[in-house]
file upload-v2.pdb (PDB, C-alpha atoms and all ligand atoms)
ATOM      1  CA  MET E   1     -51.840  -4.578  19.728  1.00  0.00           C
ATOM      2  CA  SER E   2     -52.991  -1.699  21.826  1.00  0.00           C
ATOM      3  CA  VAL E   3     -53.751  -1.244  25.484  1.00  0.00           C
ATOM      4  CA  ASN E   4     -56.579   1.046  24.465  1.00  0.00           C
ATOM      5  CA  SER E   5     -58.172  -0.265  21.298  1.00  0.00           C
ATOM      6  CA  VAL E   6     -59.670   3.217  20.784  1.00  0.00           C
ATOM      7  CA  PRO E   7     -56.725   5.600  21.179  1.00  0.00           C
ATOM      8  CA  ASP E   8     -57.351   8.429  23.583  1.00  0.00           C
ATOM      9  CA  PRO E   9     -56.981  11.686  21.626  1.00  0.00           C
ATOM     10  CA  SER E  10     -55.296  13.654  24.435  1.00  0.00           C
ATOM     11  CA  PRO E  11     -51.524  14.070  24.159  1.00  0.00           C
ATOM     12  CA  VAL E  12     -49.140  11.901  26.142  1.00  0.00           C
ATOM     13  CA  ASP E  13     -46.348  13.358  28.257  1.00  0.00           C
ATOM     14  CA  VAL E  14     -43.723  10.666  27.704  1.00  0.00           C
ATOM     15  CA  LEU E  15     -43.404   8.232  24.792  1.00  0.00           C
ATOM     16  CA  ALA E  16     -40.798   5.450  24.893  1.00  0.00           C
ATOM     17  CA  ILE E  17     -39.835   4.107  21.466  1.00  0.00           C
ATOM     18  CA  ALA E  18     -37.971   0.789  21.351  1.00  0.00           C
ATOM     19  CA  ALA E  19     -36.975  -1.924  18.908  1.00  0.00           C
ATOM     20  CA  HIS E  20     -38.383  -4.917  20.725  1.00  0.00           C
ATOM     21  CA  ARG E  21     -41.138  -5.745  23.143  1.00  0.00           C
ATOM     22  CA  ASP E  22     -39.423  -5.978  26.547  1.00  0.00           C
ATOM     23  CA  ASP E  23     -36.686  -3.405  25.745  1.00  0.00           C
ATOM     24  CA  VAL E  24     -38.555  -0.652  27.568  1.00  0.00           C
ATOM     25  CA  GLU E  25     -39.153  -2.916  30.556  1.00  0.00           C
ATOM     26  CA  GLN E  26     -35.404  -3.410  30.844  1.00  0.00           C
ATOM     27  CA  THR E  27     -34.124   0.105  30.236  1.00  0.00           C
ATOM     28  CA  CYS E  28     -36.762   2.614  31.383  1.00  0.00           C
ATOM     29  CA  GLY E  29     -39.691   0.728  32.923  1.00  0.00           C
ATOM     30  CA  GLY E  30     -39.030   2.205  36.352  1.00  0.00           C
ATOM     31  CA  THR E  31     -38.961   5.681  34.871  1.00  0.00           C
ATOM     32  CA  LEU E  32     -42.321   5.142  33.160  1.00  0.00           C
ATOM     33  CA  LEU E  33     -43.721   3.946  36.487  1.00  0.00           C
ATOM     34  CA  ARG E  34     -42.362   7.000  38.247  1.00  0.00           C
ATOM     35  CA  MET E  35     -43.787   9.357  35.622  1.00  0.00           C
ATOM     36  CA  ALA E  36     -47.194   7.652  35.803  1.00  0.00           C
ATOM     37  CA  SER E  37     -47.122   7.999  39.603  1.00  0.00           C
ATOM     38  CA  ARG E  38     -46.657  11.748  39.096  1.00  0.00           C
ATOM     39  CA  GLY E  39     -49.858  11.824  37.072  1.00  0.00           C
ATOM     40  CA  LEU E  40     -48.138  12.003  33.691  1.00  0.00           C
ATOM     41  CA  ARG E  41     -49.487  10.124  30.685  1.00  0.00           C
ATOM     42  CA  THR E  42     -47.007   7.576  29.347  1.00  0.00           C
ATOM     43  CA  ALA E  43     -46.954   5.444  26.189  1.00  0.00           C
ATOM     44  CA  ILE E  44     -44.811   2.814  24.471  1.00  0.00           C
ATOM     45  CA  LEU E  45     -44.208   2.242  20.766  1.00  0.00           C
ATOM     46  CA  ASP E  46     -42.440  -1.035  19.981  1.00  0.00           C
ATOM     47  CA  LEU E  47     -41.196  -1.096  16.407  1.00  0.00           C
ATOM     48  CA  THR E  48     -41.113  -4.878  15.874  1.00  0.00           C
ATOM     49  CA  GLN E  49     -43.293  -7.775  16.952  1.00  0.00           C
ATOM     50  CA  GLY E  50     -40.476 -10.004  18.200  1.00  0.00           C
ATOM     51  CA  GLU E  51     -40.806 -12.724  15.598  1.00  0.00           C
ATOM     52  CA  ALA E  52     -37.036 -13.395  15.494  1.00  0.00           C
ATOM     53  CA  GLY E  53     -36.736 -14.343  19.163  1.00  0.00           C
ATOM     54  CA  THR E  54     -35.427 -17.795  20.088  1.00  0.00           C
ATOM     55  CA  ARG E  55     -38.285 -18.264  22.508  1.00  0.00           C
ATOM     56  CA  GLY E  56     -42.037 -17.713  22.128  1.00  0.00           C
ATOM     57  CA  SER E  57     -44.083 -16.462  19.167  1.00  0.00           C
ATOM     58  CA  ALA E  58     -45.006 -12.904  18.168  1.00  0.00           C
ATOM     59  CA  ASP E  59     -48.578 -13.616  19.361  1.00  0.00           C
ATOM     60  CA  GLU E  60     -47.378 -14.673  22.793  1.00  0.00           C
ATOM     61  CA  ARG E  61     -45.211 -11.586  23.041  1.00  0.00           C
ATOM     62  CA  ALA E  62     -48.195  -9.391  22.128  1.00  0.00           C
ATOM     63  CA  GLN E  63     -50.170 -10.784  25.071  1.00  0.00           C
ATOM     64  CA  GLU E  64     -47.179 -10.399  27.353  1.00  0.00           C
ATOM     65  CA  ALA E  65     -46.538  -6.830  26.173  1.00  0.00           C
ATOM     66  CA  ALA E  66     -50.143  -5.910  26.960  1.00  0.00           C
ATOM     67  CA  GLN E  67     -49.793  -7.381  30.433  1.00  0.00           C
ATOM     68  CA  ALA E  68     -46.501  -5.537  30.995  1.00  0.00           C
ATOM     69  CA  ALA E  69     -48.120  -2.285  29.812  1.00  0.00           C
ATOM     70  CA  ARG E  70     -50.832  -2.680  32.450  1.00  0.00           C
ATOM     71  CA  ILE E  71     -48.193  -3.221  35.136  1.00  0.00           C
ATOM     72  CA  LEU E  72     -46.267  -0.142  33.951  1.00  0.00           C
ATOM     73  CA  GLY E  73     -49.453   1.947  33.976  1.00  0.00           C
ATOM     74  CA  VAL E  74     -49.023   3.250  30.427  1.00  0.00           C
ATOM     75  CA  THR E  75     -52.047   4.701  28.674  1.00  0.00           C
ATOM     76  CA  TRP E  76     -51.157   3.458  25.199  1.00  0.00           C
ATOM     77  CA  ARG E  77     -48.965   0.765  23.670  1.00  0.00           C
ATOM     78  CA  GLN E  78     -48.694  -0.461  20.118  1.00  0.00           C
ATOM     79  CA  ALA E  79     -46.228  -2.383  17.984  1.00  0.00           C
ATOM     80  CA  LEU E  80     -45.379  -1.684  14.367  1.00  0.00           C
ATOM     81  CA  ASP E  81     -44.263  -4.605  12.211  1.00  0.00           C
ATOM     82  CA  LEU E  82     -40.750  -3.605  11.202  1.00  0.00           C
ATOM     83  CA  PRO E  83     -38.599  -6.709  10.666  1.00  0.00           C
ATOM     84  CA  ASP E  84     -37.132  -7.966  13.933  1.00  0.00           C
ATOM     85  CA  GLY E  85     -33.349  -8.069  13.614  1.00  0.00           C
ATOM     86  CA  ALA E  86     -33.321  -6.009  10.427  1.00  0.00           C
ATOM     87  CA  ILE E  87     -34.718  -2.570  11.319  1.00  0.00           C
ATOM     88  CA  GLU E  88     -33.608   0.033   8.777  1.00  0.00           C
ATOM     89  CA  ASN E  89     -33.659   3.803   8.915  1.00  0.00           C
ATOM     90  CA  THR E  90     -35.711   4.388   5.767  1.00  0.00           C
ATOM     91  CA  LEU E  91     -38.027   7.261   4.867  1.00  0.00           C
ATOM     92  CA  GLU E  92     -40.968   4.854   4.946  1.00  0.00           C
ATOM     93  CA  ASN E  93     -40.120   3.778   8.506  1.00  0.00           C
ATOM     94  CA  ARG E  94     -39.569   7.362   9.628  1.00  0.00           C
ATOM     95  CA  ILE E  95     -42.988   8.297   8.273  1.00  0.00           C
ATOM     96  CA  ARG E  96     -44.644   5.423  10.112  1.00  0.00           C
ATOM     97  CA  ILE E  97     -43.217   6.766  13.368  1.00  0.00           C
ATOM     98  CA  VAL E  98     -44.196  10.336  12.404  1.00  0.00           C
ATOM     99  CA  ARG E  99     -47.822   9.215  12.211  1.00  0.00           C
ATOM    100  CA  VAL E 100     -47.630   7.893  15.777  1.00  0.00           C
ATOM    101  CA  LEU E 101     -45.867  11.043  17.036  1.00  0.00           C
ATOM    102  CA  ARG E 102     -48.588  13.223  15.529  1.00  0.00           C
ATOM    103  CA  GLN E 103     -51.308  11.054  17.007  1.00  0.00           C
ATOM    104  CA  LEU E 104     -49.841  10.968  20.541  1.00  0.00           C
ATOM    105  CA  ARG E 105     -48.097  14.383  20.520  1.00  0.00           C
ATOM    106  CA  PRO E 106     -45.566  13.489  23.270  1.00  0.00           C
ATOM    107  CA  ARG E 107     -43.626  16.202  25.142  1.00  0.00           C
ATOM    108  CA  VAL E 108     -40.716  13.858  25.843  1.00  0.00           C
ATOM    109  CA  VAL E 109     -39.498  10.895  23.777  1.00  0.00           C
ATOM    110  CA  ILE E 110     -37.236   8.175  25.201  1.00  0.00           C
ATOM    111  CA  LEU E 111     -35.025   6.403  22.640  1.00  0.00           C
ATOM    112  CA  PRO E 112     -32.378   3.697  23.033  1.00  0.00           C
ATOM    113  CA  TYR E 113     -28.786   4.910  23.302  1.00  0.00           C
ATOM    114  CA  TRP E 114     -27.100   5.197  19.907  1.00  0.00           C
ATOM    115  CA  GLN E 115     -24.263   2.755  20.514  1.00  0.00           C
ATOM    116  CA  ALA E 116     -25.447  -0.770  21.226  1.00  0.00           C
ATOM    117  CA  ARG E 117     -24.513  -4.408  20.788  1.00  0.00           C
ATOM    118  CA  HIS E 118     -27.820  -5.202  19.044  1.00  0.00           C
ATOM    119  CA  PRO E 119     -27.887  -3.349  15.710  1.00  0.00           C
ATOM    120  CA  ASP E 120     -31.662  -2.759  16.007  1.00  0.00           C
ATOM    121  CA  HIS E 121     -31.146  -0.697  19.160  1.00  0.00           C
ATOM    122  CA  ALA E 122     -28.541   1.549  17.558  1.00  0.00           C
ATOM    123  CA  THR E 123     -30.676   1.972  14.443  1.00  0.00           C
ATOM    124  CA  VAL E 124     -33.736   2.953  16.481  1.00  0.00           C
ATOM    125  CA  ALA E 125     -31.777   5.764  18.152  1.00  0.00           C
ATOM    126  CA  THR E 126     -31.181   7.399  14.771  1.00  0.00           C
ATOM    127  CA  LEU E 127     -34.469   6.375  13.190  1.00  0.00           C
ATOM    128  CA  GLY E 128     -36.405   7.714  16.177  1.00  0.00           C
ATOM    129  CA  TYR E 129     -34.484  10.986  16.285  1.00  0.00           C
ATOM    130  CA  GLU E 130     -35.008  11.639  12.575  1.00  0.00           C
ATOM    131  CA  ALA E 131     -38.703  10.775  12.865  1.00  0.00           C
ATOM    132  CA  CYS E 132     -39.057  13.300  15.715  1.00  0.00           C
ATOM    133  CA  PHE E 133     -37.454  15.947  13.511  1.00  0.00           C
ATOM    134  CA  LEU E 134     -39.562  15.117  10.439  1.00  0.00           C
ATOM    135  CA  SER E 135     -42.696  15.133  12.573  1.00  0.00           C
ATOM    136  CA  GLY E 136     -42.207  18.858  13.111  1.00  0.00           C
ATOM    137  CA  LEU E 137     -42.163  19.670   9.404  1.00  0.00           C
ATOM    138  CA  ALA E 138     -45.534  20.844   8.124  1.00  0.00           C
ATOM    139  CA  LYS E 139     -44.992  19.610   4.589  1.00  0.00           C
ATOM    140  CA  VAL E 140     -44.301  16.004   5.596  1.00  0.00           C
ATOM    141  CA  GLU E 141     -47.510  13.934   5.523  1.00  0.00           C
ATOM    142  CA  ALA E 142     -49.476  17.160   5.525  1.00  0.00           C
ATOM    143  CA  ASP E 143     -52.797  15.551   6.445  1.00  0.00           C
ATOM    144  CA  ALA E 144     -51.799  15.465  10.142  1.00  0.00           C
ATOM    145  CA  ALA E 145     -50.776  18.521  12.163  1.00  0.00           C
ATOM    146  CA  PRO E 146     -46.984  18.710  12.690  1.00  0.00           C
ATOM    147  CA  HIS E 147     -45.625  17.997  16.142  1.00  0.00           C
ATOM    148  CA  ARG E 148     -42.040  18.022  17.393  1.00  0.00           C
ATOM    149  CA  PRO E 149     -41.332  16.643  20.881  1.00  0.00           C
ATOM    150  CA  PHE E 150     -39.859  19.173  23.305  1.00  0.00           C
ATOM    151  CA  LYS E 151     -37.121  16.795  24.440  1.00  0.00           C
ATOM    152  CA  ILE E 152     -35.448  13.522  23.491  1.00  0.00           C
ATOM    153  CA  VAL E 153     -33.529  11.484  26.066  1.00  0.00           C
ATOM    154  CA  TYR E 154     -31.613   8.260  25.484  1.00  0.00           C
ATOM    155  CA  ALA E 155     -31.974   5.268  27.802  1.00  0.00           C
ATOM    156  CA  SER E 156     -28.363   4.210  28.352  1.00  0.00           C
ATOM    157  CA  LEU E 157     -28.631   1.280  30.778  1.00  0.00           C
ATOM    158  CA  TYR E 158     -26.769  -1.109  28.488  1.00  0.00           C
ATOM    159  CA  ALA E 159     -24.288   1.427  27.138  1.00  0.00           C
ATOM    160  CA  ASP E 160     -20.845   1.897  28.622  1.00  0.00           C
ATOM    161  CA  VAL E 161     -21.316   5.620  29.036  1.00  0.00           C
ATOM    162  CA  ARG E 162     -21.641   8.060  31.899  1.00  0.00           C
ATOM    163  CA  PRO E 163     -25.287   9.159  32.201  1.00  0.00           C
ATOM    164  CA  SER E 164     -26.373  12.804  32.060  1.00  0.00           C
ATOM    165  CA  PHE E 165     -28.888  12.050  34.797  1.00  0.00           C
ATOM    166  CA  VAL E 166     -30.442   9.171  36.708  1.00  0.00           C
ATOM    167  CA  VAL E 167     -34.106   8.685  37.572  1.00  0.00           C
ATOM    168  CA  ASP E 168     -34.725   7.372  41.089  1.00  0.00           C
ATOM    169  CA  ILE E 169     -36.793   4.223  40.622  1.00  0.00           C
ATOM    170  CA  SER E 170     -36.339   2.868  44.156  1.00  0.00           C
ATOM    171  CA  PRO E 171     -40.075   2.663  44.993  1.00  0.00           C
ATOM    172  CA  PHE E 172     -40.808   0.960  41.678  1.00  0.00           C
ATOM    173  CA  ILE E 173     -38.079  -1.675  41.359  1.00  0.00           C
ATOM    174  CA  GLU E 174     -40.349  -4.634  42.210  1.00  0.00           C
ATOM    175  CA  GLN E 175     -43.076  -3.408  39.883  1.00  0.00           C
ATOM    176  CA  ARG E 176     -40.532  -2.950  37.095  1.00  0.00           C
ATOM    177  CA  HIS E 177     -39.354  -6.504  37.679  1.00  0.00           C
ATOM    178  CA  SER E 178     -42.950  -7.764  37.487  1.00  0.00           C
ATOM    179  CA  ALA E 179     -43.358  -6.010  34.132  1.00  0.00           C
ATOM    180  CA  LEU E 180     -40.260  -7.755  32.791  1.00  0.00           C
ATOM    181  CA  MET E 181     -41.410 -11.098  34.157  1.00  0.00           C
ATOM    182  CA  ALA E 182     -44.718 -10.649  32.310  1.00  0.00           C
ATOM    183  CA  TYR E 183     -42.702 -11.962  29.359  1.00  0.00           C
ATOM    184  CA  GLN E 184     -42.974 -15.521  30.567  1.00  0.00           C
ATOM    185  CA  SER E 185     -42.204 -16.915  27.106  1.00  0.00           C
ATOM    186  CA  GLN E 186     -38.829 -15.186  27.320  1.00  0.00           C
ATOM    187  CA  TYR E 187     -37.779 -15.303  30.933  1.00  0.00           C
ATOM    188  CA  ALA E 188     -39.523 -18.177  32.712  1.00  0.00           C
ATOM    189  CA  ASN E 189     -37.190 -21.100  33.356  1.00  0.00           C
ATOM    190  CA  GLN E 190     -37.621 -23.500  30.415  1.00  0.00           C
ATOM    191  CA  ALA E 191     -35.694 -25.868  28.179  1.00  0.00           C
ATOM    192  CA  ALA E 192     -35.862 -23.861  24.922  1.00  0.00           C
ATOM    193  CA  GLY E 193     -32.798 -21.689  24.596  1.00  0.00           C
ATOM    194  CA  SER E 194     -31.538 -22.616  28.059  1.00  0.00           C
ATOM    195  CA  GLY E 195     -27.990 -22.481  26.733  1.00  0.00           C
ATOM    196  CA  LEU E 196     -28.564 -18.861  25.664  1.00  0.00           C
ATOM    197  CA  PHE E 197     -30.697 -17.521  28.502  1.00  0.00           C
ATOM    198  CA  VAL E 198     -29.931 -17.216  32.192  1.00  0.00           C
ATOM    199  CA  ASN E 199     -32.442 -18.391  34.800  1.00  0.00           C
ATOM    200  CA  GLU E 200     -35.050 -16.209  36.498  1.00  0.00           C
ATOM    201  CA  GLU E 201     -33.085 -15.749  39.697  1.00  0.00           C
ATOM    202  CA  GLU E 202     -30.052 -14.606  37.758  1.00  0.00           C
ATOM    203  CA  ILE E 203     -32.175 -12.131  35.749  1.00  0.00           C
ATOM    204  CA  ARG E 204     -33.413 -10.639  39.008  1.00  0.00           C
ATOM    205  CA  ASP E 205     -29.876 -10.443  40.404  1.00  0.00           C
ATOM    206  CA  ARG E 206     -28.466  -8.801  37.279  1.00  0.00           C
ATOM    207  CA  THR E 207     -31.234  -6.261  36.720  1.00  0.00           C
ATOM    208  CA  PHE E 208     -31.301  -5.249  40.387  1.00  0.00           C
ATOM    209  CA  ALA E 209     -27.499  -4.950  40.420  1.00  0.00           C
ATOM    210  CA  GLU E 210     -27.555  -2.689  37.359  1.00  0.00           C
ATOM    211  CA  ALA E 211     -30.258  -0.525  38.940  1.00  0.00           C
ATOM    212  CA  ARG E 212     -28.250  -0.423  42.177  1.00  0.00           C
ATOM    213  CA  HIS E 213     -25.129   0.664  40.292  1.00  0.00           C
ATOM    214  CA  TYR E 214     -26.902   3.599  38.664  1.00  0.00           C
ATOM    215  CA  GLY E 215     -28.699   4.408  41.885  1.00  0.00           C
ATOM    216  CA  LEU E 216     -25.349   4.674  43.660  1.00  0.00           C
ATOM    217  CA  LEU E 217     -24.126   7.181  41.088  1.00  0.00           C
ATOM    218  CA  ALA E 218     -26.978   9.472  42.105  1.00  0.00           C
ATOM    219  CA  GLY E 219     -27.086   8.672  45.806  1.00  0.00           C
ATOM    220  CA  VAL E 220     -30.317   6.653  45.774  1.00  0.00           C
ATOM    221  CA  ARG E 221     -31.005   2.934  46.039  1.00  0.00           C
ATOM    222  CA  TYR E 222     -32.106   2.057  42.493  1.00  0.00           C
ATOM    223  CA  GLY E 223     -31.828   4.187  39.361  1.00  0.00           C
ATOM    224  CA  GLU E 224     -32.171   4.201  35.584  1.00  0.00           C
ATOM    225  CA  PRO E 225     -29.619   6.172  33.528  1.00  0.00           C
ATOM    226  CA  PHE E 226     -30.228   8.551  30.638  1.00  0.00           C
ATOM    227  CA  VAL E 227     -28.090  10.614  28.302  1.00  0.00           C
ATOM    228  CA  GLN E 228     -29.294  13.872  26.832  1.00  0.00           C
ATOM    229  CA  LYS E 229     -27.437  15.537  23.986  1.00  0.00           C
ATOM    230  CA  GLU E 230     -28.594  19.073  24.589  1.00  0.00           C
ATOM    231  CA  VAL E 231     -26.990  21.380  27.121  1.00  0.00           C
ATOM    232  CA  GLY E 232     -29.275  22.166  30.035  1.00  0.00           C
ATOM    233  CA  LEU E 233     -30.452  25.732  30.602  1.00  0.00           C
ATOM    234  CA  VAL E 234     -30.422  26.795  34.254  1.00  0.00           C
ATOM    235  CA  ASP E 235     -32.422  29.601  35.801  1.00  0.00           C
ATOM    236  CA  ASP E 236     -31.638  29.060  39.490  1.00  0.00           C
ATOM    237  CA  LEU E 237     -28.455  27.277  40.614  1.00  0.00           C
ATOM    238  CA  THR E 238     -30.066  26.275  43.902  1.00  0.00           C
ATOM    239  CA  LEU E 239     -32.704  24.236  42.038  1.00  0.00           C
ATOM    240  CA  VAL E 240     -30.353  22.167  39.832  1.00  0.00           C
ATOM    241  CA  PRO E 241     -31.196  18.612  40.904  1.00  0.00           C
ATOM    242  CA  VAL E 242     -27.865  16.968  41.696  1.00  0.00           C
ATOM    243  CA  GLN E 243     -26.653  14.743  44.491  1.00  0.00           C
ATOM    244  CA  SER E 244     -24.890  16.736  47.195  1.00  0.00           C
ATOM    245  CA  ILE E 245     -21.094  16.469  47.104  1.00  0.00           C
TER     246      ILE E 245
HETATM  247 ZN    ZN P 301     -34.044  -5.222  22.160  1.00  0.00          ZN
END
call {"tool": "encode", "arguments": {"input": "upload-v2.pdb", "output": "structure tokens"}}
result
Amino acid sequence: MSVNSVPDPSPVDVLAIAAHRDDVEQTCGGTLLRMASRGLRTAILDLTQGEAGTRGSADERAQEAAQAARILGVTWRQALDLPDGAIENTLENRIRIVRVLRQLRPRVVILPYWQARHPDHATVATLGYEACFLSGLAKVEADAAPHRPFKIVYASLYADVRPSFVVDISPFIEQRHSALMAYQSQYANQAAGSGLFVNEEEIRDRTFAEARHYGLLAGVRYGEPFVQKEVGLVDDLTLVPVQSI
């Protein structure tokens, strides 16, 4: 599935890589909206097709993912077919991601945080990082030009960890919610899995409360948290973007 059936050859600025369709909508959808509003080109690579979900089929989720991509304003979205619930960090899987990285040539890659309740999420943090590294090596899959992203950041919304920084998503919170609700097979009130899933109103309450929590940390209304591993390099102390004390 692709938003653009013919991929645009120009590089993207930000690529979000996630295990499952709807992960990005939950953890960094507002950030993708904000980046798109700044004129940056954004993209999403989902690694599985969602066939293990309690609700809906992989086909339904493909349609819903395309709809969510339109709402998020991304220029490109595709899903690989790694096994849902059993993603492994293998050379073959790293190479499949390398091919996408070399096609899209992103400056920034967003990965899930490396500690997570769902094993797929934790695996994708490592798998994605190693793919970004391999992608920069000329002798790996030498038929495509090497490309290493400038920066990797980890979306940490569901991790119990203090973020390195928060993106202000206040103007985009409703749009982010619409993108999540595009997954009607997952989130619309229905009988299937009703013992496992909370209702739509509760989803709205919880996701807005999480965004409010991270917004408060940075002094804005709604925010999405990220962790970066690298130390920042500062040229001018007066331009370091922090909340005033
Ligand atoms: Zn997930």
call {"tool": "resolve_selection", "arguments": {"input": "upload-v2.pdb", "expression": "the PyMOL selection byres (((not hetatm)) within 8 of (chain P and resi 301))", "output": "number ranges by chain"}}
result
E: 18-23, 118, 120-121
call {"tool": "closest_residue", "arguments": {"input": "upload-v2.pdb", "among": "E:Gln228, E:Ser170, E:Gln184, E:Ser10", "to": "Val153 (chain E)", "atoms": "all atoms listed in the file"}}
result
E:Gln228
call {"tool": "residues_near_point", "arguments": {"input": "upload-v2.pdb", "point": "(-31.6, 19.1, 38.1)", "cutoff": "12 Å", "atoms": "all atoms listed in the file", "output": "number ranges by chain"}}
result
E: 164-167, 218, 232-244
call {"tool": "write_last_selection", "arguments": {"input": "upload-v2.pdb", "atoms": "C-alpha atoms", "output": "PDB file, keeping the file's coordinate frame"}}
result
ATOM      1  CA  SER E 164     -26.373  12.804  32.060  1.00  0.00           C
ATOM      2  CA  PHE E 165     -28.888  12.050  34.797  1.00  0.00           C
ATOM      3  CA  VAL E 166     -30.442   9.171  36.708  1.00  0.00           C
ATOM      4  CA  VAL E 167     -34.106   8.685  37.572  1.00  0.00           C
ATOM      5  CA  ALA E 218     -26.978   9.472  42.105  1.00  0.00           C
ATOM      6  CA  GLY E 232     -29.275  22.166  30.035  1.00  0.00           C
ATOM      7  CA  LEU E 233     -30.452  25.732  30.602  1.00  0.00           C
ATOM      8  CA  VAL E 234     -30.422  26.795  34.254  1.00  0.00           C
ATOM      9  CA  ASP E 235     -32.422  29.601  35.801  1.00  0.00           C
ATOM     10  CA  ASP E 236     -31.638  29.060  39.490  1.00  0.00           C
ATOM     11  CA  LEU E 237     -28.455  27.277  40.614  1.00  0.00           C
ATOM     12  CA  THR E 238     -30.066  26.275  43.902  1.00  0.00           C
ATOM     13  CA  LEU E 239     -32.704  24.236  42.038  1.00  0.00           C
ATOM     14  CA  VAL E 240     -30.353  22.167  39.832  1.00  0.00           C
ATOM     15  CA  PRO E 241     -31.196  18.612  40.904  1.00  0.00           C
ATOM     16  CA  VAL E 242     -27.865  16.968  41.696  1.00  0.00           C
ATOM     17  CA  GLN E 243     -26.653  14.743  44.491  1.00  0.00           C
ATOM     18  CA  SER E 244     -24.890  16.736  47.195  1.00  0.00           C
TER      19      SER E 244
END
call {"tool": "resolve_selection", "arguments": {"input": "upload-v2.pdb", "expression": "the PyMOL selection byres (((chain E and resi 48) around 9) and not hetatm)", "output": "list in words"}}
result
Ala18, Ala19, His20, Arg21, Asp46, Leu47, Gln49, Gly50, Glu51, Ala79, Leu80, Asp81, Leu82, Pro83, Asp84, Gly85 and Ile87 of chain E
call {"tool": "resolve_selection", "arguments": {"input": "upload-v2.pdb", "expression": "the PyMOL selection byres (((chain E and resi 112) around 8) and not hetatm)", "output": "PyMOL selection string"}}
result
chain E and resi 17-18+110-111+113-114+121-122+124-125+154-156
call {"tool": "closest_residue", "arguments": {"input": "upload-v2.pdb", "among": "E:Leu157, E:Leu180, E:Ala52, E:Val108", "to": "Pro11 (chain E)", "atoms": "all atoms listed in the file"}}
result
E:Val108
call {"tool": "closest_residue", "arguments": {"input": "upload-v2.pdb", "among": "E:Ser178, E:Thr207, E:Asn89, E:Thr126", "to": "Tyr158 (chain E)", "atoms": "only C-alpha atoms"}}
result
E:Thr207
call {"tool": "residues_around", "arguments": {"input": "upload-v2.pdb", "residues": "Thr42 (chain E)", "least_positions_apart": "6", "cutoff": "8 Å", "atoms": "all atoms listed in the file", "output": "VMD selection string"}}
result
chain E and resid 12 to 16 32 35 to 36 73 to 76
call {"tool": "residues_around", "arguments": {"input": "upload-v2.pdb", "residues": "Gly215 (chain E)", "least_positions_apart": "5", "cutoff": "12 Å", "atoms": "only C-alpha atoms", "output": "list in words"}}
result
Gly30, Leu157, Pro163, Phe165, Val166, Val167, Asp168, Ile169, Ser170, Pro171, Ile173, Phe208, Ala209, Glu210, Val220, Arg221, Tyr222, Gly223, Glu224, Pro225 and Gln243 of chain E
call {"tool": "residues_around", "arguments": {"input": "upload-v2.pdb", "residues": "Glu64 (chain E)", "least_positions_apart": "2", "cutoff": "6 Å", "atoms": "all atoms listed in the file", "output": "list in words"}}
result
Arg61, Ala62, Ala66, Gln67, Ala182 and Tyr183 of chain E
call {"tool": "residues_around", "arguments": {"input": "upload-v2.pdb", "residues": "region 105-107 of chain E", "least_positions_apart": "2", "cutoff": "10 Å", "atoms": "all atoms listed in the file", "output": "PyMOL selection string"}}
result
chain E and resi 9-16+41-43+98-103+109+132+135+145-152
call {"tool": "closest_residue", "arguments": {"input": "upload-v2.pdb", "among": "E:Lys139, E:Arg94, E:Arg204, E:Arg162", "to": "Thr123 (chain E)", "atoms": "only C-alpha atoms"}}
result
E:Arg94
call {"tool": "closest_residue", "arguments": {"input": "upload-v2.pdb", "among": "E:Ile71, E:Val198, E:Ala211, E:Ala192", "to": "Gly53 (chain E)", "atoms": "all atoms listed in the file"}}
result
E:Ala192
call {"tool": "atom_distance", "arguments": {"input": "upload-v2.pdb", "atom1": "CA of Ala159 (chain E)", "atom2": "CA of Arg117 (chain E)"}}
result
8.6 Å
call {"tool": "closest_residue", "arguments": {"input": "upload-v2.pdb", "among": "E:Val140, E:Val24, E:Leu40, E:Ala116", "to": "Glu92 (chain E)", "atoms": "only C-alpha atoms"}}
result
E:Val140
call {"tool": "atom_distance", "arguments": {"input": "upload-v2.pdb", "atom1": "CA of Ala179 (chain E)", "atom2": "CA of Cys28 (chain E)"}}
result
11.2 Å
call {"tool": "build_atoms", "arguments": {"input": "upload-v2.pdb", "residues": "region 146-151 of chain E", "atoms": "N, CA, C and O atoms", "output": "mmCIF file, in the frame of the given file"}}
result
data_model
loop_
_atom_site.group_PDB
_atom_site.id
_atom_site.type_symbol
_atom_site.label_atom_id
_atom_site.label_comp_id
_atom_site.auth_asym_id
_atom_site.auth_seq_id
_atom_site.Cartn_x
_atom_site.Cartn_y
_atom_site.Cartn_z
ATOM 1 N N PRO E 146 -48.356 19.007 12.270
ATOM 2 C CA PRO E 146 -46.984 18.710 12.690
ATOM 3 C C PRO E 146 -46.842 18.770 14.206
ATOM 4 O O PRO E 146 -47.560 19.502 14.888
ATOM 5 N N HIS E 147 -45.913 17.982 14.706
ATOM 6 C CA HIS E 147 -45.625 17.997 16.142
ATOM 7 C C HIS E 147 -44.180 17.584 16.353
ATOM 8 O O HIS E 147 -43.765 16.527 15.894
ATOM 9 N N ARG E 148 -43.402 18.423 17.036
ATOM 10 C CA ARG E 148 -42.040 18.022 17.393
ATOM 11 C C ARG E 148 -41.956 17.906 18.910
ATOM 12 O O ARG E 148 -42.311 18.853 19.629
ATOM 13 N N PRO E 149 -41.475 16.765 19.428
ATOM 14 C CA PRO E 149 -41.332 16.643 20.881
ATOM 15 C C PRO E 149 -40.397 17.723 21.423
ATOM 16 O O PRO E 149 -39.434 18.117 20.772
ATOM 17 N N PHE E 150 -40.678 18.153 22.656
ATOM 18 C CA PHE E 150 -39.859 19.173 23.305
ATOM 19 C C PHE E 150 -38.475 18.636 23.622
ATOM 20 O O PHE E 150 -37.470 19.340 23.539
ATOM 21 N N LYS E 151 -38.391 17.356 23.986
ATOM 22 C CA LYS E 151 -37.121 16.795 24.440
ATOM 23 C C LYS E 151 -37.005 15.328 24.071
ATOM 24 O O LYS E 151 -37.982 14.592 24.108
#
